[in-house]
$ cat work28.txt   # compact mmCIF, C-alpha atoms and all ligand atoms
# COMPACT_ATOMS: atom_id res chain seq x y z
CA MET X 1 -25.18 19.53 -6.99
CA PRO X 2 -26.46 15.95 -7.01
CA VAL X 3 -24.05 13.04 -6.59
CA PRO X 4 -23.85 11.36 -9.99
CA PRO X 5 -24.51 7.62 -10.04
CA ALA X 6 -21.38 5.41 -10.21
CA GLY X 7 -19.95 5.47 -13.71
CA ALA X 8 -21.70 8.67 -14.73
CA THR X 9 -19.67 11.56 -16.12
CA GLN X 10 -18.84 14.10 -13.41
CA THR X 11 -18.10 17.78 -13.63
CA ALA X 12 -14.64 19.10 -12.76
CA ASN X 13 -16.18 20.97 -9.80
CA HIS X 14 -17.64 17.82 -8.34
CA ILE X 15 -14.33 15.95 -8.66
CA ASP X 16 -12.47 18.88 -7.07
CA ALA X 17 -14.92 18.99 -4.19
CA VAL X 18 -14.76 15.21 -3.56
CA GLU X 19 -10.99 15.19 -3.80
CA ASP X 20 -10.72 17.97 -1.20
CA THR X 21 -13.08 16.36 1.30
CA PRO X 22 -11.39 16.00 4.68
CA LEU X 23 -10.55 12.40 5.47
CA LEU X 24 -13.13 10.52 7.52
CA HIS X 25 -14.24 13.55 9.52
CA ASP X 26 -17.10 14.39 7.21
CA SER X 27 -19.20 11.83 5.45
CA ARG X 28 -21.01 14.35 3.29
CA ASP X 29 -20.27 15.33 -0.27
CA PRO X 30 -18.97 18.91 -0.05
CA ALA X 31 -20.63 19.85 -3.30
CA GLU X 32 -24.15 18.79 -2.37
CA THR X 33 -27.13 20.73 -1.04
CA ASP X 34 -29.57 19.72 1.72
CA THR X 35 -32.07 18.52 -0.90
CA ASP X 36 -29.40 16.40 -2.58
CA ARG X 37 -28.58 14.74 0.74
CA MET X 38 -32.09 13.32 0.89
CA VAL X 39 -31.52 11.43 -2.39
CA GLN X 40 -28.06 10.01 -1.56
CA PRO X 41 -27.27 6.66 -3.19
CA PRO X 42 -26.82 3.83 -0.67
CA ASN X 43 -23.36 3.40 0.87
CA PRO X 44 -21.22 1.10 -1.29
CA SER X 45 -20.07 -2.21 0.21
CA ALA X 46 -16.37 -3.04 0.67
CA VAL X 47 -16.57 -5.61 -2.15
CA GLU X 48 -18.11 -3.02 -4.50
CA VAL X 49 -15.37 -0.50 -3.74
CA ILE X 50 -12.52 -3.03 -4.13
CA ALA X 51 -13.99 -4.51 -7.32
CA GLY X 52 -14.60 -1.06 -8.77
CA ASN X 53 -11.33 0.61 -7.77
CA SER X 54 -8.55 -1.98 -7.56
CA PHE X 55 -9.18 -3.68 -10.91
CA THR X 56 -9.79 -0.67 -13.15
CA GLY X 57 -8.20 -0.68 -16.59
CA PRO X 58 -5.21 -2.64 -17.91
CA THR X 59 -2.88 -1.24 -15.22
CA GLY X 60 -5.20 -2.37 -12.41
CA TRP X 61 -5.34 -5.88 -13.85
CA ALA X 62 -1.58 -5.93 -14.56
CA ALA X 63 -0.89 -5.02 -10.92
CA GLN X 64 -3.25 -7.74 -9.66
CA VAL X 65 -1.81 -10.43 -11.93
CA GLY X 66 1.78 -9.44 -11.02
CA LEU X 67 0.98 -9.63 -7.31
CA VAL X 68 -0.75 -13.01 -7.58
CA VAL X 69 2.10 -14.51 -9.64
CA ALA X 70 4.82 -13.21 -7.28
CA THR X 71 2.99 -14.33 -4.13
CA VAL X 72 1.97 -17.78 -5.39
CA VAL X 73 5.43 -18.62 -6.79
CA LEU X 74 7.18 -17.43 -3.60
CA TRP X 75 4.82 -19.40 -1.36
CA ARG X 76 5.38 -22.49 -3.51
CA VAL X 77 9.15 -22.11 -3.01
CA LEU X 78 8.61 -21.82 0.75
CA TRP X 79 6.30 -24.85 0.77
CA VAL X 80 8.74 -27.03 -1.18
CA HIS X 81 11.77 -25.88 0.87
CA PRO X 82 10.66 -25.61 4.50
CA ALA X 83 13.25 -23.73 6.58
CA GLY X 84 11.80 -23.72 10.10
CA LEU X 85 11.43 -20.35 11.78
CA PHE X 86 13.05 -18.54 8.83
CA THR X 87 10.11 -19.47 6.56
CA TYR X 88 7.86 -17.08 8.49
CA HIS X 89 10.04 -14.12 7.42
CA PRO X 90 9.44 -14.23 3.64
CA ALA X 91 5.91 -15.60 4.15
CA LEU X 92 4.84 -12.68 6.37
CA GLN X 93 6.73 -10.07 4.34
CA SER X 94 5.12 -11.19 1.09
CA LEU X 95 1.67 -10.96 2.69
CA ALA X 96 2.57 -7.49 3.97
CA ALA X 97 3.75 -6.34 0.51
CA LEU X 98 0.54 -7.73 -1.01
CA GLY X 99 -1.63 -5.98 1.59
CA PHE X 100 0.17 -2.62 1.39
CA LEU X 101 -0.09 -2.63 -2.42
CA GLU X 102 -3.77 -3.57 -2.38
CA GLY X 103 -4.33 -0.71 0.08
CA ILE X 104 -2.72 1.69 -2.41
CA LEU X 105 -4.38 0.34 -5.60
CA LEU X 106 -7.76 0.77 -3.95
CA LEU X 107 -7.35 4.53 -3.56
CA GLN X 108 -5.88 5.40 -6.92
CA PRO X 109 -8.93 6.00 -9.13
CA GLN X 110 -10.87 9.21 -8.57
CA PRO X 111 -13.80 8.30 -6.27
CA ALA X 112 -17.25 8.52 -7.89
CA SER X 113 -18.78 10.01 -4.73
CA ALA X 114 -17.99 11.10 -1.19
CA GLN X 115 -19.44 7.81 0.14
CA ARG X 116 -17.14 5.79 -2.10
CA LYS X 117 -14.17 7.88 -1.00
CA ARG X 118 -15.00 7.40 2.67
CA LYS X 119 -15.46 3.64 2.27
CA GLY X 120 -12.20 3.44 0.29
CA LEU X 121 -10.34 5.21 3.09
CA GLN X 122 -11.78 2.86 5.71
CA ILE X 123 -10.68 -0.22 3.73
CA HIS X 124 -7.28 1.44 3.10
CA GLN X 125 -6.75 1.63 6.87
CA VAL X 126 -7.74 -2.02 7.37
CA PHE X 127 -5.24 -3.12 4.68
CA GLN X 128 -2.43 -0.89 5.97
CA TYR X 129 -2.82 -1.79 9.67
CA ALA X 130 -3.09 -5.54 8.95
CA SER X 131 0.00 -5.32 6.71
CA LEU X 132 1.83 -3.40 9.43
CA VAL X 133 1.23 -6.29 11.85
CA ALA X 134 2.52 -8.76 9.22
CA ILE X 135 5.66 -6.76 8.38
CA VAL X 136 6.56 -6.20 12.04
CA GLY X 137 6.05 -9.93 12.70
CA GLY X 138 8.19 -10.85 9.67
CA ALA X 139 10.98 -8.48 10.76
CA ALA X 140 10.88 -9.76 14.36
CA VAL X 141 11.20 -13.35 13.09
CA ILE X 142 14.34 -12.69 11.00
CA ILE X 143 16.01 -10.56 13.69
CA TYR X 144 15.30 -13.21 16.35
CA ASN X 145 16.36 -16.04 14.02
CA LYS X 146 19.67 -14.33 13.32
CA ALA X 147 20.20 -13.56 17.02
CA ILE X 148 19.71 -17.19 18.14
CA HIS X 149 22.16 -18.34 15.45
CA GLY X 150 24.72 -15.71 16.45
CA ALA X 151 24.60 -14.17 12.93
CA LYS X 152 25.49 -10.52 12.32
CA HIS X 153 22.61 -8.11 11.63
CA PHE X 154 22.08 -5.82 8.64
CA THR X 155 25.02 -7.01 6.58
CA SER X 156 23.32 -7.25 3.15
CA TRP X 157 21.70 -4.66 0.83
CA HIS X 158 18.43 -6.52 1.35
CA ALA X 159 18.68 -6.14 5.13
CA ILE X 160 19.57 -2.42 4.89
CA SER X 161 16.77 -1.77 2.39
CA GLY X 162 14.43 -3.73 4.70
CA LEU X 163 15.34 -1.49 7.62
CA ILE X 164 14.69 1.64 5.54
CA THR X 165 11.35 0.14 4.43
CA LEU X 166 10.33 -0.44 8.06
CA GLY X 167 11.31 3.14 8.99
CA LEU X 168 9.29 4.57 6.09
CA ILE X 169 6.26 2.43 6.92
CA PHE X 170 6.27 3.54 10.56
CA THR X 171 6.60 7.20 9.56
CA GLN X 172 3.83 6.82 7.00
CA ILE X 173 1.38 5.12 9.35
CA ILE X 174 2.08 7.41 12.32
CA PHE X 175 1.69 10.50 10.12
CA GLY X 176 -1.58 9.22 8.62
CA ALA X 177 -3.00 8.21 12.02
CA VAL X 178 -2.04 11.49 13.70
CA ILE X 179 -3.74 13.53 10.99
CA VAL X 180 -6.90 11.41 10.94
CA TYR X 181 -7.41 10.75 14.67
CA THR X 182 -6.05 13.87 16.39
CA PRO X 183 -7.08 17.54 16.17
CA LEU X 184 -3.52 18.38 15.10
CA GLN X 185 -4.44 19.35 11.56
CA THR X 186 -6.92 21.98 12.71
CA THR X 187 -4.61 23.15 15.52
CA PHE X 188 -1.69 23.90 13.24
CA PHE X 189 -3.43 25.04 10.09
CA LYS X 190 -5.62 28.10 9.91
CA SER X 191 -7.69 27.02 6.95
CA GLU X 192 -9.00 23.58 6.04
CA THR X 193 -7.49 23.99 2.56
CA ALA X 194 -4.02 24.37 4.10
CA ALA X 195 -4.59 21.28 6.26
CA LYS X 196 -5.58 19.28 3.19
CA GLN X 197 -2.16 20.02 1.70
CA LEU X 198 -0.76 17.57 4.24
CA TRP X 199 -2.28 14.65 2.39
CA LYS X 200 -0.11 15.50 -0.60
CA TYR X 201 2.93 14.64 1.53
CA HIS X 202 1.32 11.43 2.81
CA ARG X 203 0.80 10.42 -0.84
CA MET X 204 4.37 11.35 -1.85
CA SER X 205 6.00 9.46 1.02
CA GLY X 206 3.56 6.61 0.33
CA TYR X 207 5.02 6.19 -3.15
CA LEU X 208 8.57 6.38 -1.79
CA THR X 209 7.61 3.62 0.66
CA LEU X 210 6.15 1.60 -2.22
CA THR X 211 9.50 1.89 -4.04
CA PHE X 212 11.35 0.38 -1.07
CA LEU X 213 8.61 -2.18 -0.52
CA THR X 214 9.35 -3.45 -4.04
CA LEU X 215 13.13 -3.03 -3.95
CA THR X 216 13.58 -4.97 -0.68
CA PRO X 217 12.07 -8.30 -1.85
CA LEU X 218 13.87 -7.88 -5.21
CA LEU X 219 17.18 -7.64 -3.30
CA ALA X 220 16.17 -10.72 -1.28
CA LEU X 221 16.20 -12.71 -4.53
CA ALA X 222 20.00 -12.33 -4.53
CA SER X 223 20.37 -13.82 -1.01
CA ASP X 224 22.10 -17.20 -0.56
CA TRP X 225 18.96 -18.85 0.82
CA VAL X 226 16.77 -17.84 -2.11
CA ARG X 227 19.43 -18.70 -4.71
CA ASN X 228 20.01 -22.13 -3.15
CA ASN X 229 16.32 -22.96 -2.88
CA SER X 230 14.74 -21.68 -6.07
CA THR X 231 15.24 -21.94 -9.82
CA ALA X 232 16.09 -18.98 -12.05
CA VAL X 233 12.58 -19.21 -13.53
CA GLU X 234 10.98 -18.98 -10.06
CA ARG X 235 13.13 -15.97 -9.18
CA GLY X 236 12.24 -14.42 -12.55
CA LEU X 237 8.52 -14.89 -11.90
CA ILE X 238 8.72 -13.48 -8.36
CA GLY X 239 10.83 -10.49 -9.42
CA GLY X 240 8.90 -9.97 -12.68
CA GLY X 241 5.52 -10.16 -10.92
CA LEU X 242 6.57 -7.67 -8.27
CA GLY X 243 8.13 -5.36 -10.86
CA VAL X 244 5.01 -5.39 -13.04
CA ALA X 245 2.79 -4.70 -10.00
CA ALA X 246 4.91 -1.74 -8.90
CA VAL X 247 5.21 -0.23 -12.41
CA ALA X 248 1.44 -0.62 -12.91
CA ALA X 249 0.75 1.05 -9.54
CA PHE X 250 3.02 3.96 -10.50
CA ALA X 251 1.30 4.23 -13.90
CA ARG X 252 -2.00 4.77 -12.02
CA VAL X 253 -0.69 7.70 -9.96
CA GLN X 254 -2.71 10.85 -10.50
CA THR X 255 -0.06 13.55 -10.52
CA SER X 256 -2.66 16.23 -9.75
CA LYS X 257 -3.21 14.60 -6.32
CA LEU X 258 0.51 15.04 -5.64
CA GLY X 259 0.31 18.71 -6.51
CA PHE X 260 2.51 18.40 -9.62
CA LYS X 261 -0.17 19.38 -12.12
CA ARG X 262 -3.21 21.59 -11.83
CA ARG X 263 -6.54 20.04 -12.79
C1 LIG X 301 9.12 -5.93 2.29
C2 LIG X 301 9.59 -7.11 2.50
C3 LIG X 301 10.78 -7.44 3.38
C4 LIG X 301 11.38 -6.72 4.40
C5 LIG X 301 10.94 -5.37 4.95
C6 LIG X 301 12.52 -7.51 4.88
C7 LIG X 301 13.36 -7.14 5.90
C8 LIG X 301 14.50 -7.84 6.30
C9 LIG X 301 15.44 -7.41 7.30
C10 LIG X 301 15.32 -6.12 8.11
C11 LIG X 301 16.42 -8.35 7.37
C12 LIG X 301 17.68 -8.30 8.24
C13 LIG X 301 17.53 -8.77 9.66
C14 LIG X 301 18.84 -8.70 10.39
O1 LIG X 301 19.90 -8.51 9.75
O2 LIG X 301 18.81 -8.84 11.61
C15 LIG X 301 16.12 -9.39 6.43
C16 LIG X 301 16.88 -10.53 6.20
C17 LIG X 301 16.60 -11.52 5.27
N1 LIG X 301 15.50 -11.58 4.44
FE1 LIG X 301 14.06 -10.15 4.31
N2 LIG X 301 12.58 -8.67 4.14
C18 LIG X 301 11.54 -8.67 3.23
C19 LIG X 301 11.23 -9.67 2.32
C20 LIG X 301 11.97 -10.84 2.14
C21 LIG X 301 11.63 -11.88 1.20
C22 LIG X 301 10.40 -11.84 0.26
C23 LIG X 301 12.59 -12.85 1.30
C24 LIG X 301 12.73 -14.13 0.54
C25 LIG X 301 12.22 -14.33 -0.64
C26 LIG X 301 13.54 -12.41 2.31
C27 LIG X 301 14.68 -13.11 2.70
C28 LIG X 301 15.60 -12.70 3.66
C29 LIG X 301 16.81 -13.41 3.99
C30 LIG X 301 17.31 -14.68 3.32
C31 LIG X 301 17.43 -12.68 5.02
C32 LIG X 301 18.76 -13.03 5.73
C33 LIG X 301 19.93 -12.59 4.91
C34 LIG X 301 20.11 -11.10 4.88
O3 LIG X 301 20.27 -10.46 5.93
O4 LIG X 301 20.07 -10.55 3.76
N3 LIG X 301 13.12 -11.20 2.80
N4 LIG X 301 14.94 -9.06 5.77
$ encode --input "work28.txt" --output "structure tokens" --more "lines below"
Ligand code: HEM
Amino acid sequence: MPVPPAGATQTANHIDAVEDTPLLHDSRDPAETDTDRMVQPPNPSAVEVIAGNSFTGPTGWAAQVGLVVATVVLWRVLWVHPAGLFTYHPALQSLAALGFLEGILLLQPQPASAQRKRKGLQIHQVFQYASLVAIVGGAAVIIYNKAIHGAKHFTSWHAISGLITLGLIFTQIIFGAVIVYTPLQTTFFKSETAAKQLWKYHRMSGYLTLTFLTLTPLLALASDWVRNNSTAVERGLIGGGLGVAAVAAFARVQTSKLGFKRR
């Protein structure tokens, strides 16, 4: 079956086949024939995939606007109230939250072709690994900053939620990397279909991680430092922006990909 051009209506079979393509191992569309492969559309660029996937529909735009508002207002607060080493904690964590969310938004719409899906997955990894570096850096800064000031660790809800977030992110990234880069999935699962079921769990735990990734900065808004250095309007814009982005991302979830509903 030929790969329809971007934007063209696709058959249910084609969507099923694209959705079930193993991640990164196979660049071909599972539903195509040898003849079809000779007339493949050119590989989409990263900009094309991001522009086409991350901004689709009102929910895509709502998520983007919410993220921009939350990040810009928070960075303005940090700029106006410099706090030495501490500043790097919220600065890095907000970049990490932005990156992780962009990496999720990018994958949510059904890919128009196997090439688009493959490109989307490559960009997803770039976003998630870069955000991992930022979040580990941000966590190291606050732990070190507390240690040099002799302050107790993990005493607030924000700190506890932050620790859970870090644990979930590590689990999520290790699980994803093991499945993609090692032969484990074919070693443990007899059929490829059974192996593909694993991705359902990566998606589910991904959305649990997203919940904590939103909750943690929201809890930070109640901390003494934030309350003493920002206005209620600024806190409202940061919290509101983050909340809108998370709700919009959840509204874009395709329940069929999580195995809750049959296509
Ligand atoms: C996903 C994002 C974030 C994560 C994972 C995170 C994680 C953490 C962790 C683990 C701690 C405790 C360190 C310790 O007790 O040794 C902490 C403390 C802190 N964080 Fe964050 N953080 C995030 C975002 C933010 C943001 C956006 C702000 C400010 C707007 C912020 C402000 C603070 C403050 C003031 C503390 C010290 C007070 C306390 O322990 O609650 N954090 N954070």
$ residues_near_ligand --input "work28.txt" --ligand "ligand LIG 301 (chain X)" --cutoff "7 Å" --atoms "all atoms listed in the file" --output "PDB file with C-alpha atoms, in the coordinates of the input"
ATOM      1  CA  LEU X  74       7.180 -17.430  -3.600  1.00  0.00           C
ATOM      2  CA  HIS X  89      10.040 -14.120   7.420  1.00  0.00           C
ATOM      3  CA  PRO X  90       9.440 -14.230   3.640  1.00  0.00           C
ATOM      4  CA  GLN X  93       6.730 -10.070   4.340  1.00  0.00           C
ATOM      5  CA  SER X  94       5.120 -11.190   1.090  1.00  0.00           C
ATOM      6  CA  ALA X  96       2.570  -7.490   3.970  1.00  0.00           C
ATOM      7  CA  ALA X  97       3.750  -6.340   0.510  1.00  0.00           C
ATOM      8  CA  ILE X 135       5.660  -6.760   8.380  1.00  0.00           C
ATOM      9  CA  ALA X 139      10.980  -8.480  10.760  1.00  0.00           C
ATOM     10  CA  ILE X 142      14.340 -12.690  11.000  1.00  0.00           C
ATOM     11  CA  ILE X 143      16.010 -10.560  13.690  1.00  0.00           C
ATOM     12  CA  LYS X 146      19.670 -14.330  13.320  1.00  0.00           C
ATOM     13  CA  LYS X 152      25.490 -10.520  12.320  1.00  0.00           C
ATOM     14  CA  HIS X 153      22.610  -8.110  11.630  1.00  0.00           C
ATOM     15  CA  PHE X 154      22.080  -5.820   8.640  1.00  0.00           C
ATOM     16  CA  THR X 155      25.020  -7.010   6.580  1.00  0.00           C
ATOM     17  CA  SER X 156      23.320  -7.250   3.150  1.00  0.00           C
ATOM     18  CA  TRP X 157      21.700  -4.660   0.830  1.00  0.00           C
ATOM     19  CA  HIS X 158      18.430  -6.520   1.350  1.00  0.00           C
ATOM     20  CA  ALA X 159      18.680  -6.140   5.130  1.00  0.00           C
ATOM     21  CA  ILE X 160      19.570  -2.420   4.890  1.00  0.00           C
ATOM     22  CA  GLY X 162      14.430  -3.730   4.700  1.00  0.00           C
ATOM     23  CA  LEU X 163      15.340  -1.490   7.620  1.00  0.00           C
ATOM     24  CA  THR X 165      11.350   0.140   4.430  1.00  0.00           C
ATOM     25  CA  LEU X 166      10.330  -0.440   8.060  1.00  0.00           C
ATOM     26  CA  LEU X 213       8.610  -2.180  -0.520  1.00  0.00           C
ATOM     27  CA  THR X 214       9.350  -3.450  -4.040  1.00  0.00           C
ATOM     28  CA  THR X 216      13.580  -4.970  -0.680  1.00  0.00           C
ATOM     29  CA  PRO X 217      12.070  -8.300  -1.850  1.00  0.00           C
ATOM     30  CA  ALA X 220      16.170 -10.720  -1.280  1.00  0.00           C
ATOM     31  CA  LEU X 221      16.200 -12.710  -4.530  1.00  0.00           C
ATOM     32  CA  SER X 223      20.370 -13.820  -1.010  1.00  0.00           C
ATOM     33  CA  ASP X 224      22.100 -17.200  -0.560  1.00  0.00           C
ATOM     34  CA  TRP X 225      18.960 -18.850   0.820  1.00  0.00           C
ATOM     35  CA  VAL X 226      16.770 -17.840  -2.110  1.00  0.00           C
TER      36      VAL X 226
END
$ closest_residue --input "work28.txt" --among "X:Gln108, X:Thr186, X:Phe170, X:Lys200" --to "Val133 of chain X" --atoms "all atoms listed in the file"
X:Phe170
$ atom_distance --input "work28.txt" --atom1 "atom CA of Phe127 of chain X" --atom2 "atom CA of Ile50 of chain X"
11.4 Å
$ closest_residue --input "work28.txt" --among "X:Leu184, X:Leu105, X:Leu215, X:Val178" --to "Ala62 of chain X" --atoms "only C-alpha atoms"
X:Leu105
$ atom_distance --input "work28.txt" --atom1 "atom CA of Val77 of chain X" --atom2 "atom CA of Gly240 of chain X"
15.5 Å
$ closest_residue --input "work28.txt" --among "X:Pro58, X:Pro183, X:Gly52, X:Gly99" --to "Ala134 of chain X" --atoms "all atoms listed in the file"
X:Gly99
